[in-house]
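Trainee: Structure in structure tokens, see below.
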Amino acid sequence: MASARPELADRYYLDNFELLIASTRRYHPLFPAEQAQQLAQFQTLSEAAQRLLVRLLGRKGAWFRQSKLRYNDINDMAPALAELSEQQLLVSGVPPRDIWLQQVTLPELKQLPVINDAGLQRLPKAALIQTLLASDADCDSDGWLLQANQQLDERWWQLQCQGLLQLLQLLYFGNRNQDLTQFVVSELGLQRFEQYRLDASTQSFQQTDELQTALNLAQLADEWDELLRQKLPLDPVDFYQRLPKPQVQPQLERRRQRLVAHLGRSAERLNLWEFAVACYQQCQAWTANERYCRVLQQQLKLTPTAVIAEQLVQGLNQLWFSASNEAAQQVAHRLAKRSLPLLAPLCAEPTLTALARPLVAANHLAGQQQSLQLNADFIAAAPRVEQRTATYFEAQGYQVFFCENALLNGLFGLALWDIIFAPVAGAFHHPYQRAPQDMYSASFYEQRADAIEQRLTAILAGETAIIWRHFTEKQGLQNDWVNWSLLTEPLLTAALAAFSPQFIYDVIRRLLKDPKHYRSGQPDLALFSSEGACRFIEVKGPGDSLSDHQGYWLQFLGRYYPAELYFVDYV
DNA sequence: GTTGGGATTG
DNA sequence: GAATGTGTGTCTCAATCCCAACTT
DNA sequence: TGACACACATTCAA
Ligand SMILES: [Mn+2]
Ligand SMILES: [Mn+2]
């Protein structure tokens, strides 16, 4: 099955970087001055210097210790360093204290007289760093660091062109989470992608300041994530000042709003209600609208005014109106219900559309709930309650799959494979996509409505050959909907034998209605009896409770097959 | 000495 | 008990290297 | 590097 790994060229990383450059050629004239200059400088470098620079860019952080630079594939380090230094793509200096302390190893630290003399030899590294950072804060920290570095006898280098790499990656991949390693993983055959036709015509950005903004937003998001990760005090109001103004370019505006929503969330934790409201007001995401209403509700509790009450009524009605699935409706409904007593004294008669009619609660599962006690044998069989329950049902003679979302999502992905990867305008910008650009927006259906309807008609007529053909022909190819390691042949065989055409049709329709939402919350286990009949089981161990989207999936599935909520505990 | 997490590499 | 908010682990691409905890 | 599901804590409204 597994074929031998292809060998990569000796300079594969440089080739990949040059591919990144070549593929973003049409944007080069738009580059901001700094990145344009650095790109030009890169092109004039010797191969050794280019190699070293790309090696360093591929690593984490901007600071490197010269003594730790060892590359067999780069002839001589010294001239390459001198060249990069000459072009100011890499500069020498002493890093900030935290980075310095992080990169100097513990044995090295303990040997330094400045530390040895302070009597800190026995501490673990994290505590040592804490102590040094704290004690340096007030006294002469620069002097201390310089002295320590002199004792260490080390030279440090700092990358000056990480922004260039970020910009190239941003333009090539169109997102912040794919990078140079994607090329390697693909060339080695570890990830294989559908051979869709790329759309060369659509250009995401037209102006230099759009590129600058894209880069700024990416760096600000990085910075915010980093602050969050380090768990140090946040100032969302101050951070907001650094964000760009609302953007015309839709992609940029989406990213800006995502960051603004994060700031709003952090403002809530600091009880900065007005600022949180101001943040959420700028965001279009449904969840931002939800936060908006929650904050208004909170404000109404603290300082009841007619203005806030009116805003909340508007917000709640909008929230209800834009709820695109039952779980969202449930959220809007609950929020409205809890707001009503707060609104009553301030509004003549608040008309909350979310309360106009009763909702079916997610946990309304009449006749779909069971209890199960498992004994020590099953506890020993596996660590997770789902696996233990699977073992139990296997002992009952079922064929059991712990596949959660992989089964129904997989059916969706296989049934619509060719449509998902059809060359719609603007859908595919590079060869490493698991889905078209608009997979999770309304335009996915709209742009492909004819093909989808035609396929649905065929599915309803009992067509399963297309699913099998895609399963075989596309085996192993990346698809956001298909998890190949969970959607195995035995599972698909059992499922397609058990499922009615109407069921498959309705599942796909449901997923199409709100693909982002309905792709999660599907039951833990799929069971198939020896006669081939299927059952769905959502397992709930002690201390876990049903979430809304899980409950609504059980309600939906229960109209076709047994779909049960199993409360499992141990005797 | 071993192990385990993170960084690096292909 | 329902409804919220928040933290954690698991997927990870796989083999290797480095370093910092540990004696499992 | 998120998305997802679970685990756990806290706060509510009857
Ligand atoms: Mn589950
Ligand atoms: Mn479960």
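By order in the structure tokens, chains are A, B, ...; within a chain, residues start at 1; ligands start at 1, following the order shown.
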Set the cut-off to 8 Å and count only C-alpha atoms (C1' of nucleotides): what are the residues of chain A that reach chain C? Output as an MDAnalysis selection string.
Mentor: chainID A and resid 105:106 125 185 190:191
Trainee: Please, could you write that set of residues out with N, CA and C atoms as a PDB file, in the first residue's frame?
Mentor:
ATOM      1  N   THR A 105      20.883  27.127  27.309  1.00  0.00           N
ATOM      2  CA  THR A 105      20.483  25.905  28.011  1.00  0.00           C
ATOM      3  C   THR A 105      20.795  26.012  29.501  1.00  0.00           C
ATOM      4  N   LEU A 106      20.128  25.146  30.232  1.00  0.00           N
ATOM      5  CA  LEU A 106      20.260  25.177  31.684  1.00  0.00           C
ATOM      6  C   LEU A 106      21.700  24.950  32.148  1.00  0.00           C
ATOM      7  N   LYS A 125      14.530  25.193  35.341  1.00  0.00           N
ATOM      8  CA  LYS A 125      14.758  26.301  34.416  1.00  0.00           C
ATOM      9  C   LYS A 125      13.651  27.348  34.447  1.00  0.00           C
ATOM     10  N   VAL A 185       5.262  18.265   2.524  1.00  0.00           N
ATOM     11  CA  VAL A 185       4.308  17.221   2.870  1.00  0.00           C
ATOM     12  C   VAL A 185       3.631  16.679   1.614  1.00  0.00           C
ATOM     13  N   LEU A 190       2.704  12.553   1.520  1.00  0.00           N
ATOM     14  CA  LEU A 190       2.034  12.350   2.806  1.00  0.00           C
ATOM     15  C   LEU A 190       0.621  12.927   2.775  1.00  0.00           C
ATOM     16  N   GLN A 191       0.460  13.976   2.010  1.00  0.00           N
ATOM     17  CA  GLN A 191      -0.881  14.507   1.745  1.00  0.00           C
ATOM     18  C   GLN A 191      -1.025  14.611   0.238  1.00  0.00           C
TER      19      GLN A 191
END
Trainee: Taking only C-alpha atoms (C1' of nucleotides) into account, report as a list of chain:residue names which residues of chain D lie within 9 Å of chain A.
Mentor: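 Result: D:DT1, D:DG2, D:DC4, D:DA5, D:DC6, D:DA7, D:DC8.
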Trainee: Step one, run DSSP on the backbone; step two, keep only residues of stretch 159-271 of chain A assigned to alpha helix (DSSP H); then write them as a ChimeraX atom specification.
Mentor: /A:162-173,181-187,208-229,236-241,250-269
Trainee: Mind listing as a ChimeraX atom specification which residues of chain A are within 12 Å of chain B, counting only C-alpha atoms (C1' of nucleotides)?
Mentor: /A:5-13,55-56,58-61,71,181-190
Trainee: As a list in words, please: every residue in stretch 143-232 of chain A that a backbone DSSP assignment puts in strand (DSSP E or B).
Mentor: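 Selection result, strand (DSSP E or B) within stretch 143-232 of chain A: Trp156, Trp157, Gln158, Leu159, Arg192 and Phe193 of chain A.
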Trainee: Could you please determine the separation between atom CA of A:Tyr561 and atom CA of A:Ala498 in Å, to one decimal place?
Mentor: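 If I compute the distance from atom CA of A:Tyr561 to atom CA of A:Ala498, I get 9.7 Å.
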Trainee: Expressed in Å to a single decimal, how great is the separation between atom CA of A:Ile537 and atom CA of A:Thr391?
Mentor: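 Between atom CA of A:Ile537 and atom CA of A:Thr391 the gap works out to 13.0 Å.
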Trainee: Between atom CA of A:Thr351 and atom CA of A:Asn317, what distance in Å does the model show, to one decimal?
Mentor: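 That distance, rounded to one decimal, is 8.4 Å.
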